[in-house]
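J.: Below is the file protein_12.txt, with compact mmCIF, C-alpha atoms.
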```txt
# COMPACT_ATOMS: atom_id res chain seq x y z
CA MET A 1 82.33 205.73 234.17
CA ALA A 2 80.05 202.73 234.50
CA LEU A 3 82.10 200.98 231.82
CA LEU A 4 85.35 201.77 233.60
CA GLU A 5 84.01 200.47 236.90
CA GLU A 6 82.74 197.39 235.14
CA VAL A 7 86.20 196.87 233.67
CA LEU A 8 88.21 197.65 236.78
CA ASP A 9 86.20 195.91 239.46
CA PRO A 10 83.17 194.10 238.12
CA PRO A 11 80.86 192.28 240.47
CA VAL A 12 80.93 188.53 240.12
CA GLY A 13 78.65 187.41 237.31
CA PRO A 14 75.04 188.25 238.24
CA GLY A 15 74.09 184.68 237.47
CA TYR A 16 76.12 183.37 240.37
CA SER A 17 74.77 185.98 242.85
CA SER A 18 71.12 185.39 242.00
CA ALA A 19 71.57 181.61 242.03
CA ALA A 20 73.18 181.88 245.47
CA GLN A 21 70.26 184.05 246.68
CA ASP A 22 67.75 181.50 245.41
CA ARG A 23 69.55 178.69 247.22
CA ARG A 24 69.67 180.76 250.42
CA ALA A 25 65.92 181.35 250.11
CA GLN A 26 65.39 177.61 249.85
CA GLY A 27 67.46 177.11 252.98
CA LEU A 28 70.46 175.55 251.21
CA ALA A 29 74.13 176.52 251.28
CA PRO A 30 74.79 179.37 248.79
CA SER A 31 77.30 177.28 246.87
CA SER A 32 76.33 174.06 245.16
CA GLY A 33 79.89 172.79 245.44
CA THR A 34 81.99 171.48 242.61
CA ARG A 35 81.53 167.75 243.22
CA THR A 36 78.66 167.05 240.90
CA TRP A 37 78.30 164.96 237.78
CA LEU A 38 77.45 168.05 235.80
CA MET A 39 80.83 169.52 236.75
CA PHE A 40 82.60 166.31 235.75
CA VAL A 41 80.95 166.24 232.34
CA THR A 42 81.66 169.94 231.76
CA ALA A 43 85.27 169.52 232.80
CA VAL A 44 85.66 166.62 230.37
CA GLY A 45 84.22 168.85 227.67
CA LEU A 46 86.63 171.66 228.60
CA GLY A 47 89.66 169.38 228.53
CA LEU A 48 88.56 167.97 225.21
CA LEU A 49 88.06 171.45 223.75
CA PHE A 50 91.50 172.66 224.88
CA THR A 51 93.31 169.55 223.68
CA VAL A 52 91.59 169.37 220.33
CA THR A 53 92.13 173.07 219.73
CA ALA A 54 95.82 172.83 220.59
CA ALA A 55 96.29 169.74 218.44
CA THR A 56 94.36 171.21 215.50
CA LEU A 57 95.82 174.69 215.43
CA ARG A 58 99.40 173.79 216.31
CA THR A 59 100.12 171.43 213.43
CA PRO A 60 100.34 173.07 210.04
CA ASP A 61 97.69 172.24 207.49
CA PRO A 62 98.49 168.63 206.52
CA ALA A 63 97.33 169.07 202.94
CA GLU A 64 99.56 172.12 202.54
CA ALA A 65 102.52 170.30 204.10
CA ALA A 66 102.07 167.35 201.77
CA GLY A 67 101.92 169.70 198.79
CA ARG A 68 105.05 171.48 199.94
CA GLU A 69 106.93 168.22 200.39
CA GLN A 70 105.88 167.11 196.95
CA LEU A 71 107.10 170.38 195.48
CA ILE A 72 110.41 170.09 197.33
CA ALA A 73 110.84 166.53 196.04
CA ARG A 74 110.14 167.70 192.51
CA ILE A 75 112.61 170.57 192.83
CA ASP A 76 115.24 168.20 194.20
CA ALA A 77 114.67 165.75 191.39
CA ALA A 78 114.84 168.50 188.76
CA GLU A 79 118.02 169.89 190.30
CA ALA A 80 119.62 166.44 190.41
CA LEU A 81 118.74 166.03 186.76
CA GLY A 82 120.18 169.45 186.02
CA ASP A 83 123.38 168.60 187.89
CA GLU A 84 123.66 165.37 185.95
CA ARG A 85 123.16 167.18 182.66
CA SER A 86 125.68 169.88 183.48
CA GLU A 87 128.20 167.22 184.48
CA GLN A 88 127.52 165.55 181.16
CA ALA A 89 127.96 168.88 179.43
CA ALA A 90 131.24 169.47 181.25
CA SER A 91 132.61 166.07 180.28
CA LEU A 92 131.48 166.55 176.69
CA ARG A 93 133.08 169.99 176.68
CA ALA A 94 136.32 168.49 177.96
CA GLU A 95 136.13 165.94 175.17
CA ILE A 96 135.57 168.71 172.63
CA ARG A 97 138.52 170.59 174.03
CA GLY A 98 140.72 167.54 173.71
CA ILE A 99 139.69 167.00 170.11
CA GLU A 100 140.11 170.70 169.34
CA GLN A 101 143.57 170.74 170.83
CA GLN A 102 144.48 167.72 168.75
CA ALA A 103 143.12 169.27 165.61
CA LEU A 104 144.75 172.63 166.28
CA GLN A 105 148.14 171.22 167.21
CA THR A 106 149.02 171.13 163.56
CA THR A 107 147.69 174.58 162.65
CA GLY A 108 149.32 176.28 165.65
CA SER A 109 146.27 178.33 166.68
CA GLY A 110 145.66 176.30 169.87
CA SER A 111 146.91 179.08 172.11
CA ARG A 112 144.46 181.49 170.50
CA LEU A 113 141.61 179.12 171.23
CA ALA A 114 142.76 178.73 174.85
CA ASP A 115 142.87 182.49 175.13
CA ALA A 116 139.36 182.88 173.80
CA GLU A 117 138.08 180.18 176.14
CA LEU A 118 139.73 181.94 179.05
CA ARG A 119 137.94 185.15 178.17
CA ALA A 120 134.58 183.51 177.62
CA GLY A 121 134.69 181.64 180.92
CA GLY A 122 134.94 178.19 179.37
CA VAL A 123 137.82 176.92 181.50
CA ALA A 124 138.68 176.85 185.19
CA VAL A 125 140.85 179.77 186.27
CA GLN A 126 143.14 180.14 189.24
CA GLY A 127 144.88 183.14 190.68
CA PRO A 128 145.02 185.54 193.60
CA GLY A 129 141.93 187.50 194.59
CA VAL A 130 139.40 188.19 197.29
CA GLU A 131 136.58 186.19 198.80
CA VAL A 132 133.52 188.05 200.12
CA THR A 133 131.01 186.21 202.28
CA LEU A 134 127.56 187.81 202.67
CA ARG A 135 125.19 186.47 205.30
CA ASP A 136 121.56 187.15 206.13
CA ALA A 137 120.93 188.98 209.39
CA GLU A 138 120.60 186.78 212.45
CA ARG A 139 117.82 188.76 214.12
CA ALA A 140 115.16 191.10 212.90
CA THR A 141 116.40 194.65 213.39
CA ASP A 142 113.36 196.22 215.03
CA ALA A 143 111.01 193.46 216.06
CA ALA A 144 107.96 194.75 217.87
CA PRO A 145 106.60 192.25 220.40
CA GLY A 146 103.92 190.05 218.91
CA GLU A 147 104.78 191.16 215.42
CA ASP A 148 106.14 188.49 213.17
CA SER A 149 109.05 190.22 211.50
CA GLN A 150 111.65 188.31 209.56
CA PRO A 151 115.37 189.01 209.81
CA GLU A 152 116.68 191.04 206.90
CA ARG A 153 117.95 189.03 203.97
CA VAL A 154 120.52 189.61 201.30
CA THR A 155 118.79 190.68 198.10
CA SER A 156 119.80 190.25 194.50
CA ARG A 157 120.45 193.99 194.38
CA ASP A 158 123.11 193.68 197.09
CA LEU A 159 124.84 190.91 195.16
CA GLN A 160 124.55 192.84 191.91
CA LEU A 161 126.16 195.91 193.46
CA LEU A 162 128.90 193.83 195.02
CA VAL A 163 129.67 192.00 191.78
CA ASN A 164 129.55 195.18 189.71
CA GLY A 165 131.89 196.83 192.20
CA LEU A 166 134.28 193.92 191.85
CA TRP A 167 134.14 194.06 188.04
CA GLY A 168 134.68 197.80 188.24
CA ALA A 169 137.73 197.34 190.45
CA GLY A 170 139.35 195.11 187.88
CA ALA A 171 138.16 191.64 188.82
CA GLU A 172 138.80 189.25 185.99
CA VAL A 173 136.75 186.28 187.11
CA VAL A 174 133.78 186.40 189.49
CA ASP A 175 131.97 183.44 190.94
CA ILE A 176 129.01 183.26 193.37
CA ASN A 177 128.61 180.05 195.40
CA GLY A 178 130.41 178.08 192.71
CA HIS A 179 128.51 179.65 189.80
CA ARG A 180 130.93 181.34 187.45
CA LEU A 181 129.56 184.61 186.12
CA THR A 182 129.95 185.00 182.38
CA SER A 183 128.88 187.73 180.00
CA THR A 184 125.35 186.31 179.86
CA SER A 185 124.94 185.62 183.59
CA ALA A 186 122.06 187.20 185.48
CA ILE A 187 121.59 187.72 189.20
CA ARG A 188 117.90 187.90 189.85
CA PHE A 189 115.34 187.71 192.59
CA ALA A 190 112.46 185.23 192.53
CA GLY A 191 110.22 185.48 195.55
CA GLN A 192 112.60 185.17 198.47
CA ALA A 193 115.43 183.43 196.64
CA ILE A 194 118.39 184.77 194.72
CA ILE A 195 118.72 183.18 191.31
CA VAL A 196 122.05 183.13 189.49
CA ASP A 197 121.85 181.68 186.00
CA PHE A 198 118.47 180.09 186.80
CA ARG A 199 119.81 178.28 189.87
CA GLY A 200 118.55 179.22 193.32
CA LEU A 201 121.26 179.99 195.85
CA THR A 202 121.17 179.49 199.60
CA PRO A 203 122.96 181.75 202.03
CA PRO A 204 125.73 182.38 202.90
CA TYR A 205 126.66 183.90 199.56
CA VAL A 206 130.35 183.47 198.82
CA VAL A 207 131.60 185.74 196.07
CA GLN A 208 135.07 184.90 194.76
CA ALA A 209 136.83 187.37 192.54
CA ILE A 210 140.19 186.82 190.86
CA GLY A 211 142.09 189.99 190.16
CA ASP A 212 144.60 192.36 191.65
CA PRO A 213 144.04 191.65 195.37
CA GLN A 214 145.13 195.14 196.43
CA ALA A 215 142.76 196.93 194.07
CA LEU A 216 139.88 194.62 194.94
CA GLN A 217 140.46 194.98 198.65
CA ALA A 218 140.70 198.75 198.35
CA GLU A 219 137.33 198.78 196.57
CA LEU A 220 135.83 196.60 199.30
CA SER A 221 137.19 198.66 202.18
CA THR A 222 137.32 202.30 201.08
CA GLY A 223 135.51 202.26 197.74
CA MET A 224 131.82 202.56 196.97
CA THR A 225 131.23 198.83 197.41
CA GLY A 226 132.92 198.89 200.80
CA ALA A 227 130.71 201.78 201.89
CA TYR A 228 127.66 199.89 200.66
CA LEU A 229 128.62 196.73 202.55
CA LEU A 230 129.24 198.75 205.70
CA GLU A 231 125.85 200.41 205.35
CA LEU A 232 124.19 197.01 204.87
CA GLU A 233 125.80 195.79 208.08
CA ARG A 234 124.93 198.91 210.04
CA GLN A 235 121.34 199.28 208.90
CA PHE A 236 120.14 195.75 208.31
CA GLY A 237 122.63 193.55 210.16
CA LEU A 238 123.74 191.80 206.96
CA ARG A 239 127.21 190.61 207.84
CA SER A 240 129.97 190.49 205.28
CA GLU A 241 133.54 189.25 205.50
CA VAL A 242 136.30 190.08 203.06
CA GLU A 243 139.32 187.82 202.82
CA VAL A 244 142.32 188.16 200.55
CA ARG A 245 143.35 184.83 199.07
CA ASP A 246 146.63 183.99 197.40
CA GLN A 247 145.12 181.19 195.42
CA LEU A 248 141.53 180.96 194.27
CA VAL A 249 140.25 178.36 191.84
CA VAL A 250 137.08 179.17 189.91
CA GLY A 251 135.42 176.56 187.74
CA PRO A 252 134.16 177.10 184.21
CA GLY A 253 130.77 178.64 183.51
CA ALA A 254 127.88 176.23 183.17
CA ARG A 255 126.15 177.89 180.22
CA LEU A 256 128.29 179.40 177.51
CA THR A 257 126.02 179.17 174.50
CA THR A 258 124.28 182.18 173.11
CA ARG A 259 120.61 181.67 172.45
CA VAL A 260 120.00 184.36 169.88
CA GLY A 261 123.34 185.70 168.71
CA ARG A 262 125.12 183.92 165.86
CA ILE A 263 128.37 184.37 164.03
CA PRO A 264 127.58 186.18 160.75
CA THR A 265 127.53 183.70 157.89
CA GLU A 266 130.16 185.53 155.87
CA LEU A 267 132.53 185.34 158.85
CA ALA A 268 131.61 181.81 159.86
CA PRO A 269 134.60 180.04 158.32
CA GLN A 270 137.04 182.32 160.15
CA THR A 271 137.57 182.21 163.89
CA PRO A 272 136.77 185.53 165.59
CA GLU A 273 139.92 187.56 166.08
CA PRO A 274 140.90 188.01 169.75
CA ALA A 275 141.33 191.61 170.82
CA ASP A 276 144.86 191.20 172.06
CA PRO A 277 146.89 188.63 170.15
CA SER A 278 150.06 189.23 172.17
CA GLY A 279 148.48 188.23 175.49
CA SER A 280 148.04 184.59 174.54
CA THR A 281 149.55 182.24 177.08
CA SER A 282 149.42 178.48 176.87
CA THR A 283 148.90 177.92 180.60
CA PRO A 284 145.82 179.84 181.73
CA THR A 285 146.55 181.38 185.11
CA ARG A 286 145.01 184.82 184.74
CA GLU A 287 142.27 186.13 182.61
CA GLU A 288 142.83 189.30 180.64
CA PRO A 289 141.35 192.46 182.17
CA ARG A 290 138.05 193.45 180.72
CA MET B 1 88.83 167.34 242.78
CA ILE B 2 86.12 166.17 240.43
CA PRO B 3 86.57 169.06 237.92
CA VAL B 4 90.33 168.43 237.81
CA LEU B 5 89.72 164.73 237.29
CA GLY B 6 87.25 165.55 234.52
CA LEU B 7 89.72 167.93 232.92
CA LEU B 8 92.40 165.24 232.93
CA VAL B 9 89.98 162.70 231.45
CA GLY B 10 89.09 165.24 228.74
CA VAL B 11 92.72 165.96 227.89
CA VAL B 12 93.59 162.25 227.71
CA LEU B 13 90.48 161.58 225.64
CA GLY B 14 91.42 164.39 223.27
CA LEU B 15 94.96 163.08 222.90
CA VAL B 16 93.89 159.47 222.40
CA VAL B 17 90.95 160.04 220.09
CA SER B 18 92.39 163.20 218.43
CA PRO B 19 89.25 163.86 216.41
CA GLU B 20 89.55 165.54 213.05
CA VAL B 21 88.00 169.00 213.25
CA PRO B 22 86.25 169.96 210.01
CA SER B 23 87.88 172.96 208.39
CA TRP B 24 84.74 175.15 208.56
CA LEU B 25 84.82 174.78 212.35
CA GLN B 26 88.49 175.61 212.78
CA PRO B 27 88.22 179.43 212.80
CA TYR B 28 85.91 179.18 215.83
CA LEU B 29 88.27 177.09 217.96
CA PRO B 30 90.43 179.94 219.32
CA ILE B 31 87.34 181.99 220.11
CA ALA B 32 85.75 178.99 221.82
CA VAL B 33 88.85 178.53 223.95
CA ILE B 34 88.88 182.19 225.01
CA ALA B 35 85.17 182.02 225.84
CA ALA B 36 85.69 178.83 227.84
CA LEU B 37 88.59 180.41 229.72
CA ASP B 38 86.37 183.36 230.62
CA ALA B 39 83.74 180.97 232.02
CA VAL B 40 86.42 179.06 233.95
CA PHE B 41 87.88 182.17 235.56
CA GLY B 42 84.41 183.44 236.42
CA ALA B 43 83.67 180.10 238.06
CA ALA B 44 86.96 180.14 239.97
CA ARG B 45 86.15 183.58 241.31
CA ALA B 46 82.61 182.58 242.29
CA SER B 47 83.83 179.48 244.09
CA LEU B 48 86.37 181.60 246.01
CA GLU B 49 83.54 183.91 247.01
CA GLY B 50 81.51 180.89 248.13
CA ILE B 51 78.64 181.33 245.68
CA PHE B 52 79.62 178.83 243.00
CA ASN B 53 76.77 177.10 241.25
CA ASP B 54 77.34 174.30 238.79
CA ARG B 55 74.26 175.02 236.68
CA VAL B 56 75.22 178.67 236.29
CA PHE B 57 78.74 177.62 235.33
CA VAL B 58 77.61 175.17 232.65
CA ILE B 59 75.14 177.61 231.20
CA SER B 60 77.67 180.46 231.16
CA PHE B 61 80.27 178.19 229.57
CA LEU B 62 77.94 177.00 226.83
CA SER B 63 76.40 180.41 226.16
CA ASN B 64 79.82 182.07 226.08
CA VAL B 65 81.09 179.62 223.48
CA VAL B 66 77.93 179.75 221.41
CA VAL B 67 77.57 183.53 221.47
CA ALA B 68 81.25 184.10 220.68
CA ALA B 69 81.05 181.65 217.78
CA LEU B 70 77.85 183.29 216.59
CA ILE B 71 79.44 186.75 216.58
CA VAL B 72 82.41 185.50 214.62
CA PHE B 73 80.13 183.63 212.21
CA LEU B 74 78.05 186.77 211.69
CA GLY B 75 81.24 188.77 211.15
CA ASP B 76 82.43 186.24 208.58
CA GLN B 77 79.14 186.52 206.71
CA LEU B 78 79.34 190.33 206.77
CA GLY B 79 82.99 190.39 205.75
CA VAL B 80 84.29 191.78 209.04
CA GLY B 81 85.13 188.45 210.68
CA ALA B 82 88.64 189.47 211.68
CA GLN B 83 87.48 192.69 213.34
CA LEU B 84 84.67 191.00 215.22
CA SER B 85 87.03 188.22 216.33
CA THR B 86 89.33 190.89 217.71
CA GLY B 87 86.36 192.51 219.45
CA VAL B 88 85.36 189.23 221.07
CA VAL B 89 88.92 188.57 222.18
CA VAL B 90 89.22 192.08 223.64
CA VAL B 91 85.96 191.88 225.59
CA LEU B 92 86.59 188.38 226.91
CA GLY B 93 90.21 189.25 227.61
CA LEU B 94 89.11 192.23 229.74
CA ARG B 95 86.73 189.99 231.67
CA ILE B 96 89.44 187.37 232.19
CA PHE B 97 91.83 190.01 233.48
CA SER B 98 89.35 191.49 235.93
CA ASN B 99 88.32 188.04 237.16
CA VAL B 100 91.94 187.08 237.63
CA ALA B 101 92.47 190.32 239.54
CA ALA B 102 89.57 189.41 241.85
CA ILE B 103 90.95 185.87 242.30
CA ARG B 104 94.34 187.36 243.10
CA ARG B 105 92.75 189.64 245.73
CA HIS B 106 91.06 186.63 247.31
CA LEU B 107 94.13 184.40 247.29
CA LEU B 108 96.94 186.84 247.99
CA GLY B 109 95.02 189.73 249.55
CA ALA B 110 96.61 192.17 247.14
```
Can you dump the structure from the file as structure tokens?
T.:
Amino acid sequence: MALLEEVLDPPVGPGYSSAAQDRRAQGLAPSSGTRTWLMFVTAVGLGLLFTVTAATLRTPDPAEAAGREQLIARIDAAEALGDERSEQAASLRAEIRGIEQQALQTTGSGSRLADAELRAGGVAVQGPGVEVTLRDAERATDAAPGEDSQPERVTSRDLQLLVNGLWGAGAEVVDINGHRLTSTSAIRFAGQAIIVDFRGLTPPYVVQAIGDPQALQAELSTGMTGAYLLELERQFGLRSEVEVRDQLVVGPGARLTTRVGRIPTELAPQTPEPADPSGSTSTPTREEPR
Amino acid sequence: MIPVLGLLVGVVLGLVVSPEVPSWLQPYLPIAVIAALDAVFGAARASLEGIFNDRVFVISFLSNVVVAALIVFLGDQLGVGAQLSTGVVVVLGLRIFSNVAAIRRHLLGA
């Protein structure tokens, strides 16, 4: 009970009372007043303490900030270099294509090559399809006061499920934020970022899929993927929009080489036989269903 | 008037000079501020009750800051720095609240 009384209605600090009693005994006023040099000096000290504390604790650690900026600069530089290289690769690939076309004009197998490139993701493809935009949540779902909770974010698993659903519903070409997914593409999670083919993506995530728009839309509204997207929105506030597009253009994949797999030496002179020779068209508008 | 003037001088001095606080001292700054606030509210209450004494105020201010820092330092050495910091904040926070309640009773009569 003594503690409760102390907490609820404590007497003024005993120091002040006894000091006042002493002064009364000496025949002085109980209060010394606040207009003394000691008060001035103490107040200066107080102001200094508050200001220095605010200034010190408010700004982030300068060393850390400098390190972060350096890292960001290095990432930017590396990405610029990567962009440059991939542009170079694209132009070289275009050159190779031109030369190949020239060389194959005489043999007549140019359409087969175009077909194979279309399947492998080596050329830009256009056609009707759907565009799905996934966004991170705007607010944390259940933020307790004083608790630093981050809004929910789209994870690689969400994108994987979405893309797999699109493939399953007959999508022929899928692209995330301008990165064409090929047979060797990976959607992964590194720390807080989603990595597609070793490139970090920033939200919103725009997934473009070329395929039968009706089938794709059905999968995204009533199919498993649609149910998953709805659940994401309801539980975590991750918003998604589905739009049917008459004309989508998806660029070629950035990395088409295999690192380990090789054409068997006994087959090397021959070109690999395409699965469906009849479906070869000279103007690539649609990729064959997988 | 003089304490307010001093406070302003201190704030301006802090902004102009902006001294670099060594990193080993930084964990004690929040605790020092809470302890100083406790001393300030105690002083405000005492002056409203007409028994303010500058020497008592200075000593309570300094001892509050030093003791709070000492407790946190001891906690750091024992590996329970965070818990002891919380304890100091809770105790001083209770005192601040009760002092503010007393000041409110004096000023507003409620």
J.: Residues of chain A no more than 7 Å from chain B, counting only C-alpha atoms: send them over as a count of residues only.
T.: 30
J.: Would you work out the distance separating atom CA of Gln88 of chain A from atom CA of Gln247 of chain A, expressed in Å to one decimal?
T.: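 Calculated distance between atom CA of Gln88 of chain A and atom CA of Gln247 of chain A is 27.5 Å.
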J.: Can you work out the spacing between atom CA of Ala171 of chain A and atom CA of Gly211 of chain A in Å, to one decimal?
T.: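 One can read the atom CA of Ala171 of chain A to atom CA of Gly211 of chain A distance as 4.5 Å.
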J.: When you count only C-alpha atoms, which of these residues is closest to Pro203 of chain A: A:Leu92, A:Val249, A:Ala137, A:Ala169?
T.: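 When distances to Pro203 of chain A are compared using only C-alpha atoms, the smallest one comes from A:Ala137.
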J.: Which distance in Å separates atom CA of Thr155 of chain A and atom CA of Arg139 of chain A, to one decimal?
T.: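 Interatomic distance, atom CA of Thr155 of chain A to atom CA of Arg139 of chain A: 16.2 Å.
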J.: Given only C-alpha atoms as the basis, pick out the residue of B:Val66, B:Ala44, B:Leu74, B:Leu108 nearest to Ile96 of chain B.
T.: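 Looking at the shortest contact to Ile96 of chain B, the residue is B:Ala44.
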J.: Leaving out segment 207-210 of chain A and any residue of its chain fewer than 4 positions from it, which residues lie within 10 Å of it when counting all atoms listed in the file, given as a ChimeraX atom specification?
T.: /A:125-134,159,162-163,166-167,170-180,216,242-250,286-287
J.: Looking at only C-alpha atoms, which of B:Val100, B:Leu107, B:Ala82, B:Val88 is the one that sits closest to Ala35 of chain B?
T.: B:Val88
J.: Return as JSON the box centre and box size in Å, one decimal, for an axis-aligned box around all listed atoms of segment 208-225 of chain A padded by 6 Å per side.
T.:
```
{"center_x": 138.2, "center_y": 193.7, "center_z": 196.2, "size_x": 25.9, "size_y": 29.7, "size_z": 24.0}
```
J.: Quick one: of A:Gly226, A:Gly98, A:Pro204, A:Gly122, who's nearest to Ala254 of chain A, counting only C-alpha atoms?
T.: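 That would be A:Gly122, the residue with the smallest distance to Ala254 of chain A.
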J.: Neighbours of segment 187-191 of chain A within 12 Å (only C-alpha atoms; same-chain residues fewer than 2 positions away dropped), as a ChimeraX atom specification?
T.: /A:153-164,175-176,179-185,193-201
J.: Restricted to C-alpha atoms, what would the selected residues look like written as a short mmCIF file (atom, residue, chain, number, x, y, z; two decimals), in the coordinates of the input?
T.:
```
data_model
loop_
_atom_site.label_atom_id
_atom_site.label_comp_id
_atom_site.auth_asym_id
_atom_site.auth_seq_id
_atom_site.Cartn_x
_atom_site.Cartn_y
_atom_site.Cartn_z
CA ARG A 153 117.95 189.03 203.97
CA VAL A 154 120.52 189.61 201.30
CA THR A 155 118.79 190.68 198.10
CA SER A 156 119.80 190.25 194.50
CA ARG A 157 120.45 193.99 194.38
CA ASP A 158 123.11 193.68 197.09
CA LEU A 159 124.84 190.91 195.16
CA GLN A 160 124.55 192.84 191.91
CA LEU A 161 126.16 195.91 193.46
CA LEU A 162 128.90 193.83 195.02
CA VAL A 163 129.67 192.00 191.78
CA ASN A 164 129.55 195.18 189.71
CA ASP A 175 131.97 183.44 190.94
CA ILE A 176 129.01 183.26 193.37
CA HIS A 179 128.51 179.65 189.80
CA ARG A 180 130.93 181.34 187.45
CA LEU A 181 129.56 184.61 186.12
CA THR A 182 129.95 185.00 182.38
CA SER A 183 128.88 187.73 180.00
CA THR A 184 125.35 186.31 179.86
CA SER A 185 124.94 185.62 183.59
CA ALA A 193 115.43 183.43 196.64
CA ILE A 194 118.39 184.77 194.72
CA ILE A 195 118.72 183.18 191.31
CA VAL A 196 122.05 183.13 189.49
CA ASP A 197 121.85 181.68 186.00
CA PHE A 198 118.47 180.09 186.80
CA ARG A 199 119.81 178.28 189.87
CA GLY A 200 118.55 179.22 193.32
CA LEU A 201 121.26 179.99 195.85
#
```
J.: Select, from B:Gly75, B:Gly81, B:Gly93, B:Gly87, the residue with the minimum atom-to-atom distance to Phe41 of chain B, counting only C-alpha atoms.
T.: B:Gly93
J.: Taking all atoms listed in the file into account, name the residue in A:Leu49, A:Arg85, A:Leu28, A:Ala63 that is nearest to Ile31 of chain B.
T.: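 Comparing A:Leu49, A:Arg85, A:Leu28, A:Ala63 against Ile31 of chain B, the winner is A:Leu49.
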